[in-house]
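Coordinates as given in final_29.cif (mmCIF, C-alpha atoms (C1' of nucleotides)):
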data_target
#
loop_
_atom_site.label_atom_id
_atom_site.label_comp_id
_atom_site.auth_asym_id
_atom_site.auth_seq_id
_atom_site.Cartn_x
_atom_site.Cartn_y
_atom_site.Cartn_z
CA MET J 658 4.09 10.90 1.45
CA SER J 659 6.27 9.33 4.16
CA LEU J 660 9.31 8.17 2.27
CA PRO J 661 11.19 11.42 2.96
CA HIS J 662 10.35 11.07 6.65
CA ALA J 663 11.41 7.47 6.69
CA ILE J 664 14.75 8.56 5.24
CA LEU J 665 15.13 11.34 7.80
CA THR J 666 14.34 8.80 10.52
CA ALA J 667 17.02 6.44 9.27
CA LEU J 668 19.50 9.32 9.41
CA LEU J 669 18.75 9.97 13.10
CA ASP J 670 21.27 7.36 14.21
CA GLU J 671 23.98 7.62 11.60
CA ASP J 672 25.05 9.37 8.43
CA LEU J 673 24.47 7.21 5.39
CA THR J 674 24.92 7.09 1.62
CA GLY J 675 21.95 6.43 -0.63
CA TYR J 676 23.26 2.95 -1.13
CA ALA J 677 23.51 2.27 2.59
CA LEU J 678 20.03 3.72 3.09
CA ALA J 679 18.66 1.35 0.49
CA LYS J 680 20.19 -1.52 2.40
CA GLN J 681 18.75 -0.27 5.69
CA PHE J 682 15.38 -0.29 3.97
CA ASP J 683 15.82 -3.97 3.22
CA VAL J 684 15.87 -4.62 6.95
CA SER J 685 14.55 -2.83 10.06
CA LEU J 686 12.77 0.30 8.77
CA GLY J 687 12.04 -1.45 5.51
CA PHE J 688 9.85 -4.03 7.28
CA PHE J 689 7.30 -1.24 7.54
CA TRP J 690 8.19 0.92 4.58
CA GLN J 691 10.17 -0.45 1.68
CA ALA J 692 11.65 1.61 -1.11
CA SER J 693 13.89 0.96 -4.07
CA HIS J 694 17.30 2.58 -4.39
CA GLN J 695 16.06 4.66 -7.31
CA GLN J 696 13.33 6.12 -5.17
CA ILE J 697 15.74 6.81 -2.34
CA TYR J 698 18.24 8.62 -4.56
CA ARG J 699 15.43 10.76 -5.92
CA GLU J 700 14.10 11.63 -2.47
CA LEU J 701 17.56 12.40 -1.12
CA LYS J 702 17.96 14.97 -3.87
CA GLY J 703 14.61 16.45 -2.91
CA LEU J 704 15.43 16.50 0.78
CA HIS J 705 18.75 18.16 0.02
CA SER J 706 17.15 20.92 -2.02
CA MET J 707 14.71 21.46 0.87
CA GLY J 708 17.52 21.69 3.39
CA GLY J 709 16.57 18.60 5.35
CA VAL J 710 19.90 16.89 4.79
CA ASN J 711 23.54 17.78 4.18
CA VAL J 712 25.76 16.02 1.68
CA LEU J 713 29.42 15.25 2.07
CA GLU J 714 31.00 14.21 -1.19
CA VAL J 715 33.68 11.62 -0.65
CA PRO J 716 35.77 11.13 -3.79
CA GLN J 717 36.69 7.59 -4.63
CA HIS J 718 38.96 6.19 -7.30
CA GLY J 719 37.20 4.38 -10.09
CA LYS J 720 33.80 4.13 -8.40
CA PRO J 721 31.36 7.03 -8.50
CA ASP J 722 31.92 9.51 -5.67
CA LYS J 723 30.27 8.57 -2.43
CA ARG J 724 27.65 11.02 -1.17
CA VAL J 725 27.21 10.74 2.57
CA TYR J 726 24.01 12.32 3.83
CA SER J 727 23.41 13.66 7.32
CA LEU J 728 20.40 15.14 9.07
CA THR J 729 20.26 18.94 9.50
CA ASN J 730 18.47 20.83 12.25
CA GLN J 731 15.85 21.66 9.68
CA GLY J 732 15.50 17.96 8.92
CA ARG J 733 14.94 17.30 12.60
CA GLN J 734 12.25 19.94 12.65
CA MET J 735 10.61 18.43 9.59
CA LEU J 736 10.43 15.10 11.40
CA ASP J 737 9.14 16.76 14.51
CA SER J 738 6.28 18.55 12.81
CA TRP J 739 5.43 15.50 10.69
CA ILE J 740 5.03 13.39 13.81
CA THR J 741 2.57 15.92 15.17
CA GLN J 742 0.43 15.63 12.06
CA SER J 743 -2.27 13.01 11.95
CA THR J 744 -1.13 9.58 10.87
CA ARG J 745 -2.97 8.48 7.84
CA HIS J 746 -3.82 4.84 7.71
CA ARG J 747 -3.47 3.39 4.26
CA GLY J 748 -6.17 0.84 3.91
CA ALA J 749 -4.39 -2.46 3.50
CA LYS J 750 -4.37 -3.64 -0.07
CA ASP J 751 -4.14 -7.37 -0.27
CA GLU J 752 -4.68 -9.36 -3.45
CA LEU J 753 -5.13 -12.57 -1.53
CA PHE J 754 -8.50 -11.48 -0.19
CA ILE J 755 -9.74 -10.60 -3.64
CA LYS J 756 -8.79 -14.10 -4.66
CA LEU J 757 -10.75 -15.46 -1.69
CA PHE J 758 -13.83 -13.59 -2.88
CA ASN J 759 -13.66 -15.80 -5.96
CA VAL J 760 -14.07 -19.03 -4.02
CA GLY J 761 -17.05 -20.88 -5.44
CA SER J 762 -16.59 -19.38 -8.90
CA VAL J 763 -13.10 -20.52 -9.86
CA PRO J 764 -11.23 -23.81 -9.32
CA ILE J 765 -10.50 -24.06 -5.60
CA GLU J 766 -6.99 -25.53 -5.96
CA GLN J 767 -5.57 -22.23 -7.16
CA VAL J 768 -6.90 -20.33 -4.18
CA THR J 769 -5.67 -22.99 -1.77
CA GLU J 770 -2.26 -22.80 -3.37
CA ALA J 771 -2.20 -19.03 -2.96
CA VAL J 772 -2.97 -19.34 0.75
CA LYS J 773 -0.24 -21.97 1.16
CA GLN J 774 2.27 -19.73 -0.55
CA ARG J 775 1.25 -16.84 1.64
CA GLN J 776 1.67 -18.92 4.77
CA ILE J 777 5.22 -19.76 3.78
CA GLU J 778 5.99 -16.04 3.49
CA HIS J 779 4.47 -15.31 6.88
CA VAL J 780 6.40 -18.13 8.51
CA ARG J 781 9.63 -16.88 6.97
CA ARG J 782 9.08 -13.34 8.19
CA LEU J 783 8.03 -14.54 11.60
CA GLU J 784 11.23 -16.54 11.97
CA LEU J 785 13.29 -13.56 10.87
CA TYR J 786 11.58 -11.25 13.36
CA ARG J 787 11.98 -13.72 16.18
CA LYS J 788 15.67 -14.04 15.38
CA ILE J 789 16.07 -10.26 15.59
CA GLU J 790 14.08 -10.23 18.82
CA ALA J 791 16.28 -12.89 20.40
CA ARG J 792 19.45 -11.15 19.25
CA SER J 793 18.68 -7.55 20.21
CA TYR J 794 15.48 -7.28 22.21
CA ALA J 795 15.53 -10.21 24.60
CA SER J 796 14.78 -8.09 27.68
CA PRO J 797 12.45 -5.26 26.62
CA SER J 798 12.09 -3.79 30.12
CA THR J 799 15.76 -2.78 30.26
CA LEU J 800 15.83 -1.19 26.82
CA PRO J 801 17.02 2.42 26.51
CA ASP J 802 14.25 4.84 25.47
CA ARG J 803 15.80 5.23 22.02
CA LYS J 804 15.16 1.54 21.32
CA LYS J 805 11.69 1.18 22.74
CA GLY J 806 9.86 2.35 19.63
CA VAL J 807 11.91 0.09 17.41
CA TYR J 808 11.12 -2.80 19.71
CA LEU J 809 7.40 -2.02 19.58
CA SER J 810 7.51 -2.07 15.79
CA LEU J 811 9.19 -5.43 15.89
CA LEU J 812 6.59 -6.67 18.37
CA ALA J 813 3.82 -5.53 16.02
CA GLY J 814 5.51 -7.39 13.19
CA ILE J 815 5.82 -10.57 15.22
CA ARG J 816 2.18 -10.52 16.29
CA GLN J 817 0.90 -9.69 12.83
CA GLU J 818 2.82 -12.58 11.32
CA GLN J 819 1.75 -14.94 14.09
CA THR J 820 -1.90 -13.99 13.56
CA ALA J 821 -1.53 -14.45 9.82
CA VAL J 822 0.09 -17.88 10.12
CA THR J 823 -2.72 -19.10 12.36
CA TRP J 824 -5.34 -17.67 10.02
CA CYS J 825 -3.75 -19.49 7.08
CA ASP J 826 -4.14 -22.77 8.95
CA ASP J 827 -7.80 -22.08 9.61
CA ALA J 828 -8.37 -20.90 6.06
CA LEU J 829 -6.82 -24.05 4.62
CA ASN J 830 -9.09 -26.15 6.82
CA LEU J 831 -12.23 -24.40 5.67
CA LEU J 832 -11.14 -24.33 2.02
CA ALA J 833 -10.68 -28.10 2.23
CA THR J 834 -14.45 -28.39 2.64
CA VAL J 835 -15.15 -26.55 -0.64
CA LYS J 836 -16.26 -28.80 -3.48
CA PRO J 837 -14.13 -28.45 -6.63
CA MET G 437 -2.25 -4.28 -10.66
CA SER G 438 -5.31 -5.88 -9.05
CA LEU G 439 -7.94 -3.19 -9.27
CA PRO G 440 -9.33 -4.57 -12.54
CA HIS G 441 -9.52 -8.00 -10.96
CA ALA G 442 -11.20 -6.62 -7.87
CA ILE G 443 -13.80 -5.05 -10.15
CA LEU G 444 -14.32 -8.27 -12.07
CA THR G 445 -14.72 -10.08 -8.75
CA ALA G 446 -17.36 -7.62 -7.60
CA LEU G 447 -19.24 -8.26 -10.85
CA LEU G 448 -19.35 -12.02 -10.21
CA ASP G 449 -22.49 -11.70 -8.10
CA GLU G 450 -24.35 -8.87 -9.77
CA ASP G 451 -24.26 -6.33 -12.57
CA LEU G 452 -23.29 -2.90 -11.30
CA THR G 453 -22.77 0.69 -12.37
CA GLY G 454 -19.49 2.44 -11.67
CA TYR G 455 -21.23 4.31 -8.93
CA ALA G 456 -22.54 1.17 -7.29
CA LEU G 457 -19.11 -0.44 -7.62
CA ALA G 458 -17.55 2.50 -5.81
CA LYS G 459 -20.01 1.98 -2.99
CA GLN G 460 -19.26 -1.74 -2.86
CA PHE G 461 -15.64 -0.78 -2.48
CA ASP G 462 -16.52 1.24 0.60
CA VAL G 463 -17.66 -1.96 2.26
CA SER G 464 -16.89 -5.68 1.81
CA LEU G 465 -14.30 -5.88 -0.99
CA GLY G 466 -13.08 -2.43 -0.11
CA PHE G 467 -11.92 -3.57 3.31
CA PHE G 468 -9.07 -5.24 1.47
CA TRP G 469 -8.77 -3.09 -1.61
CA GLN G 470 -10.16 0.41 -1.68
CA ALA G 471 -10.45 2.56 -4.76
CA SER G 472 -11.94 5.94 -5.56
CA HIS G 473 -14.80 6.32 -8.01
CA GLN G 474 -12.49 8.10 -10.44
CA GLN G 475 -10.19 5.12 -10.49
CA ILE G 476 -13.08 2.73 -10.94
CA TYR G 477 -14.57 4.61 -13.89
CA ARG G 478 -11.19 4.64 -15.57
CA GLU G 479 -10.63 0.92 -15.01
CA LEU G 480 -14.12 0.05 -16.24
CA LYS G 481 -13.33 1.79 -19.49
CA GLY G 482 -10.13 -0.21 -19.73
CA LEU G 483 -11.87 -3.48 -18.93
CA HIS G 484 -14.52 -2.73 -21.52
CA SER G 485 -11.99 -2.09 -24.26
CA MET G 486 -10.33 -5.37 -23.30
CA GLY G 487 -13.61 -7.26 -23.50
CA GLY G 488 -13.75 -8.21 -19.84
CA VAL G 489 -17.06 -6.49 -19.27
CA ASN G 490 -20.20 -5.55 -21.18
CA VAL G 491 -21.99 -2.25 -20.84
CA LEU G 492 -25.69 -1.67 -20.92
CA GLU G 493 -26.53 1.99 -21.32
CA VAL G 494 -29.67 2.87 -19.44
CA PRO G 495 -30.93 6.32 -20.43
CA GLN G 496 -32.22 8.48 -17.62
CA HIS G 497 -33.92 11.83 -17.68
CA GLY G 498 -31.87 14.66 -16.27
CA LYS G 499 -29.11 12.55 -14.73
CA PRO G 500 -26.26 11.22 -16.83
CA ASP G 501 -27.08 7.90 -18.46
CA LYS G 502 -26.54 4.90 -16.27
CA ARG G 503 -23.94 2.44 -17.50
CA VAL G 504 -24.54 -1.00 -16.06
CA TYR G 505 -21.54 -3.28 -16.34
CA SER G 506 -21.63 -7.06 -16.43
CA LEU G 507 -18.98 -9.76 -16.53
CA THR G 508 -18.26 -11.45 -19.87
CA ASN G 509 -16.94 -14.95 -20.38
CA GLN G 510 -13.65 -13.37 -21.24
CA GLY G 511 -13.78 -11.48 -17.96
CA ARG G 512 -14.30 -14.75 -16.14
CA GLN G 513 -11.27 -16.19 -17.89
CA MET G 514 -9.21 -13.15 -16.95
CA LEU G 515 -10.09 -13.74 -13.31
CA ASP G 516 -9.37 -17.42 -13.63
CA SER G 517 -5.89 -16.97 -15.06
CA TRP G 518 -5.10 -14.15 -12.65
CA ILE G 519 -5.87 -16.38 -9.69
CA THR G 520 -3.40 -18.93 -11.01
CA GLN G 521 -0.65 -16.34 -11.08
CA SER G 522 1.49 -15.85 -8.01
CA THR G 523 0.04 -13.48 -5.45
CA ARG G 524 2.34 -10.62 -4.83
CA HIS G 525 2.55 -9.48 -1.27
CA ARG G 526 2.86 -5.75 -0.99
CA GLY G 527 5.08 -5.04 1.95
CA ALA G 528 2.88 -3.23 4.42
CA LYS G 529 3.53 0.47 4.45
CA ASP G 530 2.67 1.98 7.76
CA GLU G 531 3.62 5.48 8.83
CA LEU G 532 2.98 4.71 12.47
CA PHE G 533 6.03 2.48 12.70
CA ILE G 534 8.25 5.16 11.21
CA LYS G 535 6.97 7.46 13.91
CA LEU G 536 7.83 4.83 16.51
CA PHE G 537 11.40 4.73 15.23
CA ASN G 538 11.60 8.36 16.34
CA VAL G 539 10.90 7.59 20.00
CA GLY G 540 13.75 8.98 22.06
CA SER G 541 14.46 11.75 19.56
CA VAL G 542 11.17 13.66 19.43
CA PRO G 543 8.65 14.60 22.15
CA ILE G 544 6.99 11.40 23.27
CA GLU G 545 3.48 12.85 23.62
CA GLN G 546 3.05 13.10 19.88
CA VAL G 547 3.90 9.46 19.31
CA THR G 548 1.65 8.36 22.15
CA GLU G 549 -1.16 10.39 20.66
CA ALA G 550 -0.63 8.76 17.27
CA VAL G 551 -0.89 5.30 18.83
CA LYS G 552 -4.08 6.29 20.68
CA GLN G 553 -5.63 7.57 17.48
CA ARG G 554 -4.68 4.38 15.70
CA GLN G 555 -6.23 2.29 18.42
CA ILE G 556 -9.52 4.12 18.01
CA GLU G 557 -9.50 3.27 14.30
CA HIS G 558 -8.78 -0.37 14.98
CA VAL G 559 -11.55 -0.58 17.57
CA ARG G 560 -13.99 1.01 15.15
CA ARG G 561 -13.14 -1.41 12.37
CA LEU G 562 -13.21 -4.36 14.74
CA GLU G 563 -16.72 -3.44 15.87
CA LEU G 564 -17.87 -3.07 12.28
CA TYR G 565 -16.44 -6.43 11.30
CA ARG G 566 -17.99 -8.14 14.29
CA LYS G 567 -21.33 -6.62 13.43
CA ILE G 568 -21.10 -8.02 9.90
CA GLU G 569 -20.02 -11.37 11.30
CA ALA G 570 -23.00 -11.53 13.65
CA ARG G 571 -25.40 -10.48 10.91
CA SER G 572 -24.26 -12.73 8.05
CA TYR G 573 -21.66 -15.22 9.19
CA ALA G 574 -22.85 -16.45 12.56
CA SER G 575 -22.54 -20.13 11.68
CA PRO G 576 -19.56 -20.55 9.34
CA SER G 577 -19.84 -24.33 9.10
CA THR G 578 -23.19 -24.14 7.28
CA LEU G 579 -22.08 -21.47 4.79
CA PRO G 580 -22.46 -22.17 1.07
CA ASP G 581 -19.14 -22.54 -0.76
CA ARG G 582 -19.65 -19.24 -2.50
CA LYS G 583 -19.55 -17.44 0.86
CA LYS G 584 -16.66 -19.27 2.48
CA GLY G 585 -13.93 -17.13 0.96
CA VAL G 586 -15.72 -13.93 1.91
CA TYR G 587 -16.07 -15.23 5.45
CA LEU G 588 -12.37 -16.06 5.62
CA SER G 589 -11.52 -12.52 4.55
CA LEU G 590 -13.75 -11.16 7.27
CA LEU G 591 -12.13 -13.51 9.77
CA ALA G 592 -8.71 -12.24 8.76
CA GLY G 593 -9.93 -8.69 9.23
CA ILE G 594 -11.30 -9.44 12.68
CA ARG G 595 -8.12 -11.11 13.85
CA GLN G 596 -5.88 -8.42 12.41
CA GLU G 597 -7.84 -5.70 14.16
CA GLN G 598 -7.94 -7.66 17.40
CA THR G 599 -4.18 -8.14 17.30
CA ALA G 600 -3.67 -4.48 16.55
CA VAL G 601 -5.92 -3.30 19.41
CA THR G 602 -4.03 -5.46 21.88
CA TRP G 603 -0.70 -4.26 20.54
CA CYS G 604 -1.79 -0.64 20.98
CA ASP G 605 -2.47 -1.33 24.65
CA ASP G 606 0.96 -2.85 25.14
CA ALA G 607 2.60 -0.07 23.15
CA LEU G 608 0.93 2.62 25.26
CA ASN G 609 2.14 0.87 28.41
CA LEU G 610 5.73 0.77 27.24
CA LEU G 611 5.62 4.32 25.86
CA ALA G 612 4.43 5.49 29.29
CA THR G 613 7.87 4.52 30.63
CA VAL G 614 9.70 6.79 28.19
CA LYS G 615 11.06 9.97 29.73
CA PRO G 616 9.91 13.17 27.96
"C1'" DA L 538 -37.90 27.03 1.76
"C1'" DA L 539 -33.17 25.99 1.98
"C1'" DT L 540 -29.53 22.78 2.63
"C1'" DT L 541 -27.48 18.40 2.48
"C1'" DT L 542 -27.08 13.82 0.81
"C1'" DT L 543 -27.46 10.48 -2.78
"C1'" DT L 544 -27.30 9.23 -7.44
"C1'" DA L 545 -24.27 9.28 -11.60
"C1'" DT L 546 -20.44 10.42 -14.49
"C1'" DG L 547 -15.95 11.97 -15.74
"C1'" DC L 548 -11.38 15.07 -16.88
"C1'" DA L 549 -6.95 16.92 -15.51
"C1'" DA L 550 -3.11 17.40 -12.74
"C1'" DA L 551 -0.14 16.03 -9.33
"C1'" DT L 552 2.16 12.64 -6.52
"C1'" DA L 553 3.91 8.19 -5.68
"C1'" DG L 554 5.92 3.98 -6.94
"C1'" DT L 555 7.84 0.38 -10.18
"C1'" DT L 556 10.66 -1.41 -13.85
"C1'" DG L 557 14.18 -1.32 -17.08
"C1'" DC L 558 18.26 0.37 -18.30
"C1'" DA L 559 23.13 2.18 -17.84
"C1'" DT L 560 27.82 2.64 -15.82
"C1'" DA L 561 32.01 1.01 -13.31
"C1'" DT L 562 35.11 -1.36 -10.10
"C1'" DA L 563 36.56 -4.55 -6.44
"C1'" DA L 564 36.18 -8.61 -3.99
"C1'" DA L 565 34.66 -13.10 -3.24
"C1'" DA L 566 33.09 -17.49 -4.72
"C1'" DC L 567 32.99 -21.34 -7.82
"C1'" DG H 680 39.68 -17.99 -14.94
"C1'" DT H 681 34.91 -16.79 -14.99
"C1'" DT H 682 30.88 -15.65 -12.69
"C1'" DT H 683 28.53 -13.64 -9.06
"C1'" DT H 684 27.97 -10.38 -5.38
"C1'" DA H 685 28.76 -6.00 -3.37
"C1'" DT H 686 29.69 -1.17 -3.84
"C1'" DA H 687 27.81 3.25 -5.76
"C1'" DT H 688 24.96 6.30 -8.54
"C1'" DG H 689 21.38 7.73 -11.46
"C1'" DC H 690 17.93 8.64 -15.82
"C1'" DA H 691 13.75 7.57 -18.30
"C1'" DA H 692 9.53 5.54 -18.94
"C1'" DC H 693 5.71 3.58 -17.25
"C1'" DT H 694 2.02 2.39 -14.03
"C1'" DA H 695 -0.76 3.41 -10.10
"C1'" DT H 696 -2.99 6.38 -7.00
"C1'" DT H 697 -4.70 10.67 -5.10
"C1'" DT H 698 -6.74 15.15 -5.21
"C1'" DG H 699 -9.24 18.76 -7.11
"C1'" DC H 700 -12.51 20.12 -10.06
"C1'" DA H 701 -16.98 19.97 -12.78
"C1'" DT H 702 -21.83 18.84 -13.89
"C1'" DA H 703 -26.71 17.84 -12.76
"C1'" DA H 704 -30.92 16.41 -10.67
"C1'" DA H 705 -33.70 13.72 -7.29
"C1'" DA H 706 -34.51 12.73 -2.58
"C1'" DA H 707 -34.10 13.45 2.10
"C1'" DT H 708 -33.38 16.37 5.97
"C1'" DT H 709 -33.47 20.58 8.67
#
Since I need it in another form, could you write the structure as structure tokens?
Amino acid sequence: MSLPHAILTALLDEDLTGYALAKQFDVSLGFFWQASHQQIYRELKGLHSMGGVNVLEVPQHGKPDKRVYSLTNQGRQMLDSWITQSTRHRGAKDELFIKLFNVGSVPIEQVTEAVKQRQIEHVRRLELYRKIEARSYASPSTLPDRKKGVYLSLLAGIRQEQTAVTWCDDALNLLATVKP
Amino acid sequence: MSLPHAILTALLDEDLTGYALAKQFDVSLGFFWQASHQQIYRELKGLHSMGGVNVLEVPQHGKPDKRVYSLTNQGRQMLDSWITQSTRHRGAKDELFIKLFNVGSVPIEQVTEAVKQRQIEHVRRLELYRKIEARSYASPSTLPDRKKGVYLSLLAGIRQEQTAVTWCDDALNLLATVKP
DNA sequence: AATTTTTATGCAAATAGTTGCATATAAAAC
DNA sequence: GTTTTATATGCAACTATTTGCATAAAAATT
């Protein structure tokens, strides 16, 4: 139930079209809550009918009209009261661990391969996060308040990926001792 | 799309009723893929109609009849071919980070409180995992193959929680520097 | 003796999320 | 010159997940 709030959060800094929001979700905010453009368009409609956002229709020639959304005072209040509510932790759902539970009953190569693939993903994300850190968050202590939360999210991402990469190494070592 | 496979995995070791499966999902397997009993009953029906599981109806007096499910050869093959398929990584969805993106725009106390609450959860899970580790996985090197994957999952859980607890500390320190 | 928990199953409705399709133009790359 | 990428929106169908309800009895607790 947080997609609307994620959208409102993205609109804190700047007014955006659904398209631009979808792109924002592919980076930054989307590292912690991804959504497809279809979902975003649907939610924007919902938020508009609830008064959380305003729309400015910008006519364009040829292309469909642009609809630029901005946060309303009511939208701000929605965010505010949502943040007060208890954060519900969605138990992580990870297929990889189910696969690991099959070790000893299915051919080991497939599981090993899955861990290797996963490690590549973690390494990729870690590199991306580190790049963002170096570019925009090199000196955390001098950050303006507005950026501190974003930095902390990035820091969580970096540490999670680092932990995962190390675990993959250890997992591959132990899996190497499993008889086929 | 992995709930059926999680169920099949749980049936590798022992035959179980839907009820018992739901309880299994509250521990062990469920640390990485939780499901409600309603979901499980529905999936079991689906798996049965697809031939992945057998049912043994055990009549009981008073209570509804027990339906004990067991893995079929076809079920084993379903698991086997699923493990070969690429593991899809669900981008983590975490409300807490959305809340962090609001730092600087909403009262800071609420965000701080959310992080504190989260830390309590992580500590609780970490303690639970460590207890399981001490009880059943104290010497990983002597584990039978069948248990190695389960141990690796537990290890991932422990490290994830440890990383998260540490991050919460650092986050609380930085959030303490944010002006209200 | 009364209440709560555990065992055991399941339907129905609502919410959330994914996938496939559909349209239409401009700009950039090959 | 043709293909791909980017801009810009959205419906419809499907799949997945959650929440609320309903039943019913044994066992454990207060």
Next on the checklist: Counting only C-alpha atoms, a student should be able to say which residues of chain J come within 8 Å of chain G; what is the right answer, written as a PyMOL selection string?
Outcome noted: chain J and resi 659+662-663+666+669+686+688-691+737+740-741+743-764+767-768+771+775+802-807+809-810+812-813+816-817+820-821+824+828+831-832+835-836
Next on the checklist: Can you spell out as a list in words the set of residues that the PyMOL selection byres ((chain L and resi 546) around 12) selects in the structure I just provided?
Outcome noted: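 Residues picked by the PyMOL selection byres ((chain L and resi 546) around 12): Thr453, Gly454, Tyr455, Ala456, His473, Gln474, Ile476, Tyr477, Arg478, Lys499, Pro500, Asp501, Lys502 and Arg503 of chain G; DT544, DA545, DG547 and DC548 of chain L; DA701, DT702 and DA703 of chain H.
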Next on the checklist: Within 7 Å of (24.9, 10.5, 4.8) (file coordinates; all atoms listed in the file), which protein or nucleic acid residues are there? I'd like them as a list in words.
Outcome noted: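 In the file's frame, the residues around the point are Asp672, Leu673, Thr674, Val712, Arg724, Val725, Tyr726 and Ser727 of chain J.
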Checklist entry - Quick one: distance from atom CA of G:Gly511 to atom C1' of H:DT696 in Å, one decimal? => result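 Separation of atom CA of G:Gly511 and atom C1' of H:DT696: 23.6 Å.
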Checklist entry - atom C1' of H:DA695 and atom C1' of L:DA551, how far apart in Å? => result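 Spanning atom C1' of L:DA551 to atom C1' of H:DA695 is a straight-line distance of 12.7 Å.
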Name the residues captured by the PyMOL selection byres ((chain H and resi 706) around 8) when it is applied to the shown file; answer as a PDB file with C-alpha atoms (C1' of nucleotides), in the coordinates of the input.
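Result file follows (part.pdb):
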ATOM      1  C1'  DT L 543     -27.460  10.480  -2.780  1.00  0.00           C
TER       2       DT L 543
ATOM      3  C1'  DA H 705     -33.700  13.720  -7.290  1.00  0.00           C
ATOM      4  C1'  DA H 707     -34.100  13.450   2.100  1.00  0.00           C
TER       5       DA H 707
END
For chain L versus chain J, which residues have an atom no more than 9 Å away, and what is each residue's nearest atom pair and distance in Å rounded to one decimal, using only C-alpha atoms (C1' of nucleotides), chain-then-number order, as a Markdown table?
| residue | atom | partner | partner_atom | distance |
| --- | --- | --- | --- | --- |
| L:DT552 | C1' | J:Met658 | CA | 8.4 |
| L:DA553 | C1' | J:Met658 | CA | 7.6 |
| L:DG554 | C1' | J:Gln696 | CA | 7.9 |
| L:DT555 | C1' | J:Ser693 | CA | 8.6 |
| L:DA561 | C1' | J:Lys720 | CA | 6.1 |
| L:DT562 | C1' | J:Lys720 | CA | 5.9 |
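Taking atom CA of J:Val715 as the reference point, atom C1' of L:DG557 is found at 28.6 Å.
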